[in-house]
file upload26.csv (CSV, C-alpha atoms)
chain,number,residue,atom,x,y,z
A,1,MET,CA,-11.4,15.2,22.5
A,2,ASP,CA,-10.1,11.6,22.6
A,3,LYS,CA,-6.5,11.1,21.7
A,4,MET,CA,-3.7,8.4,21.6
A,5,THR,CA,0.0,8.1,20.8
A,6,LEU,CA,1.7,5.1,19.4
A,7,ILE,CA,5.5,4.9,19.2
A,8,VAL,CA,7.0,2.0,17.2
A,9,LYS,CA,10.4,1.0,15.7
A,10,ALA,CA,10.7,1.9,12.0
A,11,GLU,CA,10.4,-1.7,10.7
A,12,ALA,CA,8.1,-3.3,8.2
A,13,SER,CA,6.3,-5.6,10.7
A,14,ASN,CA,5.0,-2.4,12.4
A,15,GLU,CA,3.1,-1.3,9.3
A,16,SER,CA,0.3,-3.8,9.8
A,17,PHE,CA,0.3,-3.1,13.6
A,18,ALA,CA,0.1,0.7,13.2
A,19,ARG,CA,-2.7,0.7,10.6
A,20,THR,CA,-4.7,-1.8,12.7
A,21,VAL,CA,-4.3,0.3,15.9
A,22,ILE,CA,-5.4,3.5,14.2
A,23,ALA,CA,-8.4,1.7,12.5
A,24,ALA,CA,-9.4,0.3,15.9
A,25,PHE,CA,-9.2,3.8,17.5
A,26,ALA,CA,-11.4,5.3,14.7
A,27,ALA,CA,-13.8,2.4,14.9
A,28,ARG,CA,-15.2,3.6,18.3
A,29,GLU,CA,-17.1,6.3,16.3
A,30,ASN,CA,-18.8,3.5,14.2
A,31,PRO,CA,-17.7,4.8,10.8
A,32,THR,CA,-18.6,2.7,7.7
A,33,VAL,CA,-16.4,-0.2,6.6
A,34,ASN,CA,-15.2,1.9,3.6
A,35,ILE,CA,-14.1,4.7,5.9
A,36,ILE,CA,-12.1,2.3,8.0
A,37,SER,CA,-10.6,0.8,4.9
A,38,ASP,CA,-9.5,4.2,3.6
A,39,ILE,CA,-7.9,5.1,7.0
A,40,LYS,CA,-6.0,1.7,7.1
A,41,THR,CA,-4.7,2.3,3.6
A,42,ALA,CA,-3.6,5.8,4.2
A,43,ILE,CA,-1.8,5.0,7.5
A,44,SER,CA,-0.1,2.0,5.8
A,45,GLU,CA,1.3,4.3,3.1
A,46,ALA,CA,2.5,6.9,5.7
A,47,VAL,CA,4.2,4.4,8.0
A,48,THR,CA,5.7,2.5,5.0
A,49,ASN,CA,7.2,5.7,3.8
A,50,ALA,CA,8.8,6.3,7.2
A,51,VAL,CA,10.1,2.7,7.3
A,52,ILE,CA,11.6,2.8,3.8
A,53,HIS,CA,12.9,6.3,3.5
A,54,ALA,CA,13.4,8.1,6.8
A,55,TYR,CA,16.2,6.0,8.1
A,56,ASN,CA,17.4,4.5,4.7
A,57,GLY,CA,15.8,1.2,5.6
A,58,ASN,CA,17.8,0.7,8.8
A,59,ASN,CA,15.5,-0.3,11.6
A,60,CYS,CA,17.2,2.1,14.0
A,61,GLY,CA,14.7,4.9,14.3
A,62,GLU,CA,11.2,5.4,15.7
A,63,ILE,CA,7.9,6.4,14.2
A,64,CYS,CA,5.5,8.4,16.4
A,65,ILE,CA,1.8,8.2,15.4
A,66,LYS,CA,-0.6,10.6,17.2
A,67,ALA,CA,-4.3,10.4,16.6
A,68,SER,CA,-7.2,12.3,17.9
A,69,ILE,CA,-11.0,12.4,17.4
A,70,GLU,CA,-13.0,15.6,17.8
A,71,ASP,CA,-16.5,16.2,16.4
A,72,ARG,CA,-16.2,12.9,14.5
A,73,ILE,CA,-13.1,14.0,12.7
A,74,LEU,CA,-10.1,11.8,12.9
A,75,LYS,CA,-6.7,13.6,12.8
A,76,VAL,CA,-3.6,11.5,12.5
A,77,GLU,CA,0.1,12.7,12.5
A,78,VAL,CA,2.8,10.2,11.4
A,79,THR,CA,6.2,11.5,12.4
A,80,ASP,CA,9.7,10.2,11.9
A,81,TYR,CA,13.0,11.7,13.0
A,82,GLY,CA,15.0,10.7,9.9
A,83,LYS,CA,16.7,12.3,7.0
A,84,GLY,CA,13.7,14.5,5.8
A,85,ILE,CA,12.4,15.1,2.3
A,86,VAL,CA,14.5,17.3,-0.1
A,87,ASP,CA,11.6,18.5,-2.3
A,88,ILE,CA,8.1,17.8,-0.9
A,89,ILE,CA,6.3,18.8,-4.1
A,90,GLU,CA,8.4,16.4,-6.1
A,91,ALA,CA,8.0,13.7,-3.5
A,92,MET,CA,4.2,14.1,-3.6
A,93,SER,CA,3.9,13.9,-7.4
A,94,ASP,CA,2.4,10.8,-8.9
A,95,PHE,CA,4.8,7.9,-9.6
A,96,TYR,CA,7.8,9.7,-8.1
A,97,THR,CA,10.1,7.4,-6.3
A,98,THR,CA,13.6,7.6,-5.0
A,99,LEU,CA,13.9,3.8,-5.2
A,100,PRO,CA,13.2,2.9,-8.9
A,101,GLY,CA,15.0,-0.4,-8.6
A,102,GLU,CA,12.7,-1.7,-5.8
A,103,GLU,CA,9.4,-1.7,-7.7
A,104,ARG,CA,7.9,1.0,-5.5
A,105,SER,CA,4.9,2.5,-7.3
A,106,GLY,CA,5.6,6.1,-6.2
A,107,LEU,CA,1.9,6.4,-5.3
A,108,GLY,CA,2.0,6.6,-1.5
A,109,PHE,CA,1.2,10.3,-1.2
A,110,THR,CA,-1.3,10.0,-4.1
A,111,ILE,CA,-3.2,7.4,-2.2
A,112,MET,CA,-3.0,9.2,1.1
A,113,GLY,CA,-4.4,12.3,-0.6
A,114,SER,CA,-7.3,10.5,-2.3
A,115,PHE,CA,-8.3,8.3,0.6
A,116,MET,CA,-8.3,11.0,3.3
A,117,ASP,CA,-10.0,14.4,3.5
A,118,SER,CA,-6.8,16.4,4.0
A,119,LEU,CA,-3.1,15.7,3.7
A,120,ASP,CA,-0.3,18.0,4.8
A,121,VAL,CA,3.4,17.2,4.8
A,122,LYS,CA,6.1,19.0,6.8
A,123,SER,CA,9.8,18.0,6.6
A,124,VAL,CA,13.1,19.4,7.8
A,125,LEU,CA,16.3,18.0,6.3
A,126,GLY,CA,18.2,16.0,8.9
A,127,GLU,CA,15.4,16.3,11.5
A,128,GLY,CA,12.4,14.3,10.1
A,129,THR,CA,9.0,14.4,8.5
A,130,THR,CA,5.4,14.8,9.8
A,131,VAL,CA,2.5,13.7,7.6
A,132,SER,CA,-0.8,15.0,8.9
A,133,MET,CA,-4.1,13.7,7.7
A,134,THR,CA,-7.8,14.1,8.6
A,135,LYS,CA,-10.8,12.0,7.9
A,136,ARG,CA,-14.5,12.6,8.7
A,137,LEU,CA,-15.9,9.5,10.4
A,138,THR,CA,-19.4,9.8,9.1
B,1,MET,CA,-0.7,-16.3,0.8
B,2,LEU,CA,0.0,-17.6,-2.7
B,3,GLU,CA,-1.6,-20.5,-4.7
B,4,HIS,CA,-1.1,-21.3,-8.3
B,5,LYS,CA,-2.6,-23.5,-11.0
B,6,LEU,CA,-2.2,-24.0,-14.7
B,7,PHE,CA,-5.2,-24.6,-16.9
B,8,ARG,CA,-5.3,-24.5,-20.7
B,9,GLY,CA,-2.4,-22.1,-21.1
B,10,SER,CA,-3.6,-19.8,-18.3
B,11,LEU,CA,-1.5,-19.5,-15.1
B,12,TYR,CA,-3.7,-18.5,-12.2
B,13,LEU,CA,-2.0,-16.9,-9.2
B,14,LYS,CA,-4.3,-16.5,-6.2
B,15,LEU,CA,-3.2,-14.0,-3.5
B,16,THR,CA,-4.7,-14.1,0.0
B,17,GLY,CA,-4.2,-12.2,3.2
B,18,GLU,CA,-2.5,-8.8,3.4
B,19,LEU,CA,-0.2,-7.5,0.8
B,20,ASP,CA,2.1,-4.7,2.1
B,21,HIS,CA,5.8,-3.8,2.2
B,22,ALA,CA,6.4,-6.4,5.0
B,23,VAL,CA,5.4,-9.4,2.9
B,24,ALA,CA,6.1,-8.2,-0.7
B,25,PRO,CA,9.8,-9.2,-1.0
B,26,PRO,CA,9.3,-13.0,-0.3
B,27,LEU,CA,6.0,-13.0,-2.2
B,28,LYS,CA,7.7,-11.4,-5.3
B,29,SER,CA,10.4,-14.1,-5.2
B,30,ARG,CA,7.8,-16.9,-5.0
B,31,ILE,CA,5.7,-15.4,-7.9
B,32,ASP,CA,8.8,-15.0,-10.1
B,33,ALA,CA,9.9,-18.6,-9.4
B,34,ILE,CA,6.4,-19.8,-10.5
B,35,LEU,CA,6.5,-17.5,-13.6
B,36,ASN,CA,10.0,-18.9,-14.5
B,37,SER,CA,9.1,-22.6,-14.1
B,38,ASN,CA,5.9,-22.9,-16.0
B,39,ALA,CA,4.8,-22.7,-19.6
B,40,TYR,CA,1.7,-20.5,-20.2
B,41,GLU,CA,0.2,-17.9,-22.6
B,42,ARG,CA,-1.4,-15.6,-20.0
B,43,VAL,CA,-1.3,-14.9,-16.3
B,44,ILE,CA,-4.3,-14.1,-14.2
B,45,ILE,CA,-3.8,-12.7,-10.7
B,46,ASP,CA,-6.8,-13.5,-8.5
B,47,MET,CA,-7.1,-10.8,-5.8
B,48,SER,CA,-10.5,-11.8,-4.4
B,49,GLY,CA,-8.9,-13.2,-1.3
B,50,LEU,CA,-6.8,-10.1,-0.4
B,51,SER,CA,-8.0,-8.6,2.9
B,52,PHE,CA,-5.7,-5.6,2.5
B,53,MET,CA,-3.3,-4.1,-0.1
B,54,ASP,CA,-1.5,-0.8,-0.3
B,55,SER,CA,0.6,0.8,-3.0
B,56,THR,CA,3.3,-1.8,-2.5
B,57,GLY,CA,0.9,-4.2,-4.3
B,58,VAL,CA,0.7,-1.8,-7.2
B,59,GLY,CA,4.5,-1.8,-7.5
B,60,LEU,CA,4.5,-5.6,-7.3
B,61,ILE,CA,1.8,-6.0,-10.1
B,62,MET,CA,3.5,-3.4,-12.3
B,63,GLY,CA,6.8,-5.2,-11.9
B,64,ARG,CA,5.2,-8.5,-13.0
B,65,TYR,CA,3.4,-6.7,-15.9
B,66,LYS,CA,6.8,-5.4,-17.2
B,67,LEU,CA,8.4,-8.9,-16.8
B,68,LEU,CA,5.5,-10.6,-18.7
B,69,LYS,CA,5.3,-7.9,-21.4
B,70,SER,CA,9.0,-8.6,-22.2
B,71,LYS,CA,8.0,-12.2,-22.8
B,72,ASN,CA,4.9,-11.3,-24.8
B,73,LYS,CA,2.6,-12.8,-22.2
B,74,LEU,CA,-0.7,-11.3,-21.1
B,75,LEU,CA,-1.6,-10.3,-17.6
B,76,SER,CA,-5.1,-9.7,-16.1
B,77,ILE,CA,-6.3,-8.9,-12.6
B,78,ARG,CA,-9.3,-10.9,-11.4
B,79,ALA,CA,-12.0,-9.9,-8.9
B,80,PRO,CA,-10.0,-7.6,-6.5
B,81,SER,CA,-11.6,-7.1,-3.1
B,82,PRO,CA,-13.2,-3.6,-2.7
B,83,GLN,CA,-10.3,-2.1,-0.8
B,84,ALA,CA,-7.7,-3.4,-3.2
B,85,ASP,CA,-9.9,-2.4,-6.1
B,86,LYS,CA,-9.9,1.2,-4.9
B,87,VAL,CA,-6.1,1.3,-4.6
B,88,LEU,CA,-5.8,-0.1,-8.1
B,89,GLN,CA,-8.3,2.4,-9.5
B,90,VAL,CA,-6.5,5.4,-7.9
B,91,SER,CA,-3.2,4.0,-9.3
B,92,GLY,CA,-4.5,4.1,-12.9
B,93,ILE,CA,-3.3,0.5,-13.4
B,94,TYR,CA,-6.5,-0.6,-15.1
B,95,THR,CA,-5.6,1.6,-18.2
B,96,ILE,CA,-2.9,-1.0,-18.9
B,97,ILE,CA,-3.9,-4.2,-17.1
B,98,PRO,CA,-7.5,-5.4,-17.6
B,99,LYS,CA,-9.7,-6.4,-14.7
B,100,ILE,CA,-11.8,-9.5,-15.2
B,101,GLN,CA,-14.5,-11.1,-13.1
call {"tool": "encode", "arguments": {"input": "upload26.csv", "output": "structure tokens"}}
result
Amino acid sequence: MDKMTLIVKAEASNESFARTVIAAFAARENPTVNIISDIKTAISEAVTNAVIHAYNGNNCGEICIKASIEDRILKVEVTDYGKGIVDIIEAMSDFYTTLPGEERSGLGFTIMGSFMDSLDVKSVLGEGTTVSMTKRLT
Amino acid sequence: MLEHKLFRGSLYLKLTGELDHAVAPPLKSRIDAILNSNAYERVIIDMSGLSFMDSTGVGLIMGRYKLLKSKNKLLSIRAPSPQADKVLQVSGIYTIIPKIQ
């Protein structure tokens, strides 16, 4: 099994960096361009969520992204150590946003779920959130 | 990142590069400044040059759609790249904003 860990500050400029790093990690298995695009999109959504919500937009916290590849399946965990999600089912429903004034679409989890093969969210109030996703690289 | 031209009542906005949460706030301000300082009947957002877009882009497009609808102006999306097209399809945005080639 091949694995990597990336720790970045929770700021917007790291969204592009994180999705590019994970795409490059997955690319060693020579997946299709579409699979790489799907992974980039889903990672962007997960990291953006952490940047916007976990620390209330303050760039004070960190985001830890762990990725592994085993039997051509990419597994990614995006973890923050922020405020946590009050109601995960509500947060994952289409168009739900806690920031209606900021033109957020409320589709982040919807896109993660439809672009990846699996999506699992675990959150503890006051401790943080981990978003786990898998994608077959063939 | 953003070019615009006005032709026979149509305002064309061409987006290029990557559209995510990091670049959306200044981009939104520039688009709104163009929308407020031109006379037009319809707006066409050309997304053929977008190399990446996530749901932040959906929020940006929806926000402009609501703004234009309040002014009775039409909005269309033109030729999104395959990656942006998939995000837009999953979002369901094509049920209210037409895609043109």
call {"tool": "closest_residue", "arguments": {"input": "upload26.csv", "among": "B:Leu15, B:Ile77, B:Leu88, B:Ile31", "to": "Thr56 of chain B", "atoms": "only C-alpha atoms"}}
result
B:Leu88
call {"tool": "closest_atom_pairs", "arguments": {"input": "upload26.csv", "of": "chain A", "to": "chain B", "cutoff": "6 Å", "atoms": "all atoms listed in the file", "output": "Markdown table"}}
result
| residue | atom | partner | partner_atom | distance |
| --- | --- | --- | --- | --- |
| A:Ala12 | CA | B:Ala22 | CA | 4.8 |
| A:Ser13 | CA | B:Ala22 | CA | 5.8 |
| A:Thr41 | CA | B:Asp54 | CA | 5.9 |
| A:Glu103 | CA | B:Gly59 | CA | 4.9 |
| A:Arg104 | CA | B:Gly59 | CA | 4.8 |
| A:Ser105 | CA | B:Gly59 | CA | 4.3 |
call {"tool": "atom_distance", "arguments": {"input": "upload26.csv", "atom1": "atom CA of Tyr12 of chain B", "atom2": "atom CA of Gly101 of chain A"}}
result
26.3 Å
call {"tool": "atom_distance", "arguments": {"input": "upload26.csv", "atom1": "atom CA of Ala23 of chain A", "atom2": "atom CA of Ala42 of chain A"}}
result
10.4 Å
call {"tool": "atom_distance", "arguments": {"input": "upload26.csv", "atom1": "atom CA of Pro80 of chain B", "atom2": "atom CA of Glu11 of chain A"}}
result
27.3 Å
call {"tool": "closest_residue", "arguments": {"input": "upload26.csv", "among": "A:Asn34, A:Asn14, A:Thr134, A:Ser118", "to": "Cys64 of chain A", "atoms": "all atoms listed in the file"}}
result
A:Asn14
call {"tool": "closest_residue", "arguments": {"input": "upload26.csv", "among": "A:Ile111, A:Ala18, A:Val131, A:Ala67", "to": "Ile85 of chain A", "atoms": "all atoms listed in the file"}}
result
A:Val131
call {"tool": "closest_residue", "arguments": {"input": "upload26.csv", "among": "B:Leu13, B:Ala79, B:Ile44, B:Lys99", "to": "Lys28 of chain B", "atoms": "only C-alpha atoms"}}
result
B:Leu13
call {"tool": "residues_around", "arguments": {"input": "upload26.csv", "residues": "Leu137 of chain A", "least_positions_apart": "6", "cutoff": "7 Å", "atoms": "all atoms listed in the file", "output": "PDB file with C-alpha atoms, in the frame of the given file"}}
result
ATOM      1  CA  GLU A  29     -17.100   6.300  16.300  1.00  0.00           C
ATOM      2  CA  PRO A  31     -17.700   4.800  10.800  1.00  0.00           C
ATOM      3  CA  ILE A  35     -14.100   4.700   5.900  1.00  0.00           C
ATOM      4  CA  ARG A  72     -16.200  12.900  14.500  1.00  0.00           C
ATOM      5  CA  ILE A  73     -13.100  14.000  12.700  1.00  0.00           C
ATOM      6  CA  LEU A  74     -10.100  11.800  12.900  1.00  0.00           C
TER       7      LEU A  74
END
call {"tool": "residues_around", "arguments": {"input": "upload26.csv", "residues": "Ile52 of chain A", "least_positions_apart": "4", "cutoff": "10 Å", "atoms": "all atoms listed in the file", "output": "ChimeraX atom specification"}}
result
/A:10-12,47-48,56-59,99 /B:21
call {"tool": "closest_residue", "arguments": {"input": "upload26.csv", "among": "A:Phe25, A:Phe109, A:Tyr81, A:Phe17", "to": "Tyr96 of chain A", "atoms": "all atoms listed in the file"}}
result
A:Phe109
call {"tool": "residues_around", "arguments": {"input": "upload26.csv", "residues": "Leu6 of chain A", "least_positions_apart": "2", "cutoff": "10 Å", "atoms": "all atoms listed in the file", "output": "PDB file with C-alpha atoms, in the coordinates of the input"}}
result
ATOM      1  CA  MET A   4      -3.700   8.400  21.600  1.00  0.00           C
ATOM      2  CA  VAL A   8       7.000   2.000  17.200  1.00  0.00           C
ATOM      3  CA  ALA A  18       0.100   0.700  13.200  1.00  0.00           C
ATOM      4  CA  VAL A  21      -4.300   0.300  15.900  1.00  0.00           C
ATOM      5  CA  ILE A  22      -5.400   3.500  14.200  1.00  0.00           C
ATOM      6  CA  ILE A  63       7.900   6.400  14.200  1.00  0.00           C
ATOM      7  CA  CYS A  64       5.500   8.400  16.400  1.00  0.00           C
ATOM      8  CA  ILE A  65       1.800   8.200  15.400  1.00  0.00           C
ATOM      9  CA  LYS A  66      -0.600  10.600  17.200  1.00  0.00           C
ATOM     10  CA  ALA A  67      -4.300  10.400  16.600  1.00  0.00           C
ATOM     11  CA  VAL A  78       2.800  10.200  11.400  1.00  0.00           C
TER      12      VAL A  78
END
call {"tool": "residues_around", "arguments": {"input": "upload26.csv", "residues": "Thr130 of chain A", "least_positions_apart": "6", "cutoff": "7 Å", "atoms": "only C-alpha atoms", "output": "VMD selection string"}}
result
chain A and resid 77 to 80 121 to 123
call {"tool": "closest_residue", "arguments": {"input": "upload26.csv", "among": "A:Gly108, A:Asn49, A:Ile69, A:Leu125", "to": "Lys83 of chain A", "atoms": "only C-alpha atoms"}}
result
A:Leu125
call {"tool": "build_atoms", "arguments": {"input": "upload26.csv", "residues": "segment 27-49 of chain B", "atoms": "N, CA and C atoms", "output": "mmCIF file, in the coordinates of the input"}}
result
data_model
loop_
_atom_site.group_PDB
_atom_site.id
_atom_site.type_symbol
_atom_site.label_atom_id
_atom_site.label_comp_id
_atom_site.auth_asym_id
_atom_site.auth_seq_id
_atom_site.Cartn_x
_atom_site.Cartn_y
_atom_site.Cartn_z
ATOM 1 N N LEU B 27 7.080 -12.632 -1.304
ATOM 2 C CA LEU B 27 6.000 -13.000 -2.200
ATOM 3 C C LEU B 27 6.432 -12.783 -3.678
ATOM 4 N N LYS B 28 7.149 -11.698 -3.939
ATOM 5 C CA LYS B 28 7.700 -11.400 -5.300
ATOM 6 C C LYS B 28 8.592 -12.560 -5.739
ATOM 7 N N SER B 29 9.464 -13.018 -4.860
ATOM 8 C CA SER B 29 10.400 -14.100 -5.200
ATOM 9 C C SER B 29 9.616 -15.377 -5.560
ATOM 10 N N ARG B 30 8.573 -15.657 -4.780
ATOM 11 C CA ARG B 30 7.800 -16.900 -5.000
ATOM 12 C C ARG B 30 7.030 -16.774 -6.347
ATOM 13 N N ILE B 31 6.453 -15.590 -6.624
ATOM 14 C CA ILE B 31 5.700 -15.400 -7.900
ATOM 15 C C ILE B 31 6.690 -15.553 -9.058
ATOM 16 N N ASP B 32 7.853 -14.928 -8.975
ATOM 17 C CA ASP B 32 8.800 -15.000 -10.100
ATOM 18 C C ASP B 32 9.306 -16.418 -10.311
ATOM 19 N N ALA B 33 9.458 -17.178 -9.234
ATOM 20 C CA ALA B 33 9.900 -18.600 -9.400
ATOM 21 C C ALA B 33 8.800 -19.370 -10.131
ATOM 22 N N ILE B 34 7.519 -19.100 -9.827
ATOM 23 C CA ILE B 34 6.400 -19.800 -10.500
ATOM 24 C C ILE B 34 6.379 -19.339 -11.995
ATOM 25 N N LEU B 35 6.565 -18.028 -12.233
ATOM 26 C CA LEU B 35 6.500 -17.500 -13.600
ATOM 27 C C LEU B 35 7.661 -18.109 -14.449
ATOM 28 N N ASN B 36 8.787 -18.378 -13.811
ATOM 29 C CA ASN B 36 10.000 -18.900 -14.500
ATOM 30 C C ASN B 36 9.937 -20.392 -14.740
ATOM 31 N N SER B 37 9.082 -21.103 -13.999
ATOM 32 C CA SER B 37 9.100 -22.600 -14.100
ATOM 33 C C SER B 37 7.899 -23.178 -14.695
ATOM 34 N N ASN B 38 7.058 -22.352 -15.335
ATOM 35 C CA ASN B 38 5.900 -22.900 -16.000
ATOM 36 C C ASN B 38 5.754 -22.380 -17.416
ATOM 37 N N ALA B 39 5.024 -23.133 -18.252
ATOM 38 C CA ALA B 39 4.800 -22.700 -19.600
ATOM 39 C C ALA B 39 3.295 -22.248 -19.686
ATOM 40 N N TYR B 40 3.065 -21.027 -20.189
ATOM 41 C CA TYR B 40 1.700 -20.500 -20.200
ATOM 42 C C TYR B 40 1.655 -19.362 -21.250
ATOM 43 N N GLU B 41 0.435 -18.970 -21.612
ATOM 44 C CA GLU B 41 0.200 -17.900 -22.600
ATOM 45 C C GLU B 41 -0.188 -16.595 -21.834
ATOM 46 N N ARG B 42 -0.938 -16.775 -20.737
ATOM 47 C CA ARG B 42 -1.400 -15.600 -20.000
ATOM 48 C C ARG B 42 -1.410 -15.898 -18.509
ATOM 49 N N VAL B 43 -1.349 -14.820 -17.757
ATOM 50 C CA VAL B 43 -1.300 -14.900 -16.300
ATOM 51 C C VAL B 43 -2.506 -14.161 -15.742
ATOM 52 N N ILE B 44 -3.218 -14.768 -14.817
ATOM 53 C CA ILE B 44 -4.300 -14.100 -14.200
ATOM 54 C C ILE B 44 -4.055 -14.065 -12.664
ATOM 55 N N ILE B 45 -3.978 -12.850 -12.139
ATOM 56 C CA ILE B 45 -3.800 -12.700 -10.700
ATOM 57 C C ILE B 45 -5.101 -12.505 -10.024
ATOM 58 N N ASP B 46 -5.486 -13.497 -9.236
ATOM 59 C CA ASP B 46 -6.800 -13.500 -8.500
ATOM 60 C C ASP B 46 -6.580 -12.756 -7.197
ATOM 61 N N MET B 47 -7.250 -11.608 -7.058
ATOM 62 C CA MET B 47 -7.100 -10.800 -5.800
ATOM 63 C C MET B 47 -8.318 -10.793 -4.977
ATOM 64 N N SER B 48 -9.214 -11.765 -5.207
ATOM 65 C CA SER B 48 -10.500 -11.800 -4.400
ATOM 66 C C SER B 48 -10.231 -12.114 -2.967
ATOM 67 N N GLY B 49 -9.126 -12.759 -2.664
ATOM 68 C CA GLY B 49 -8.900 -13.200 -1.300
ATOM 69 C C GLY B 49 -7.959 -12.208 -0.516
#
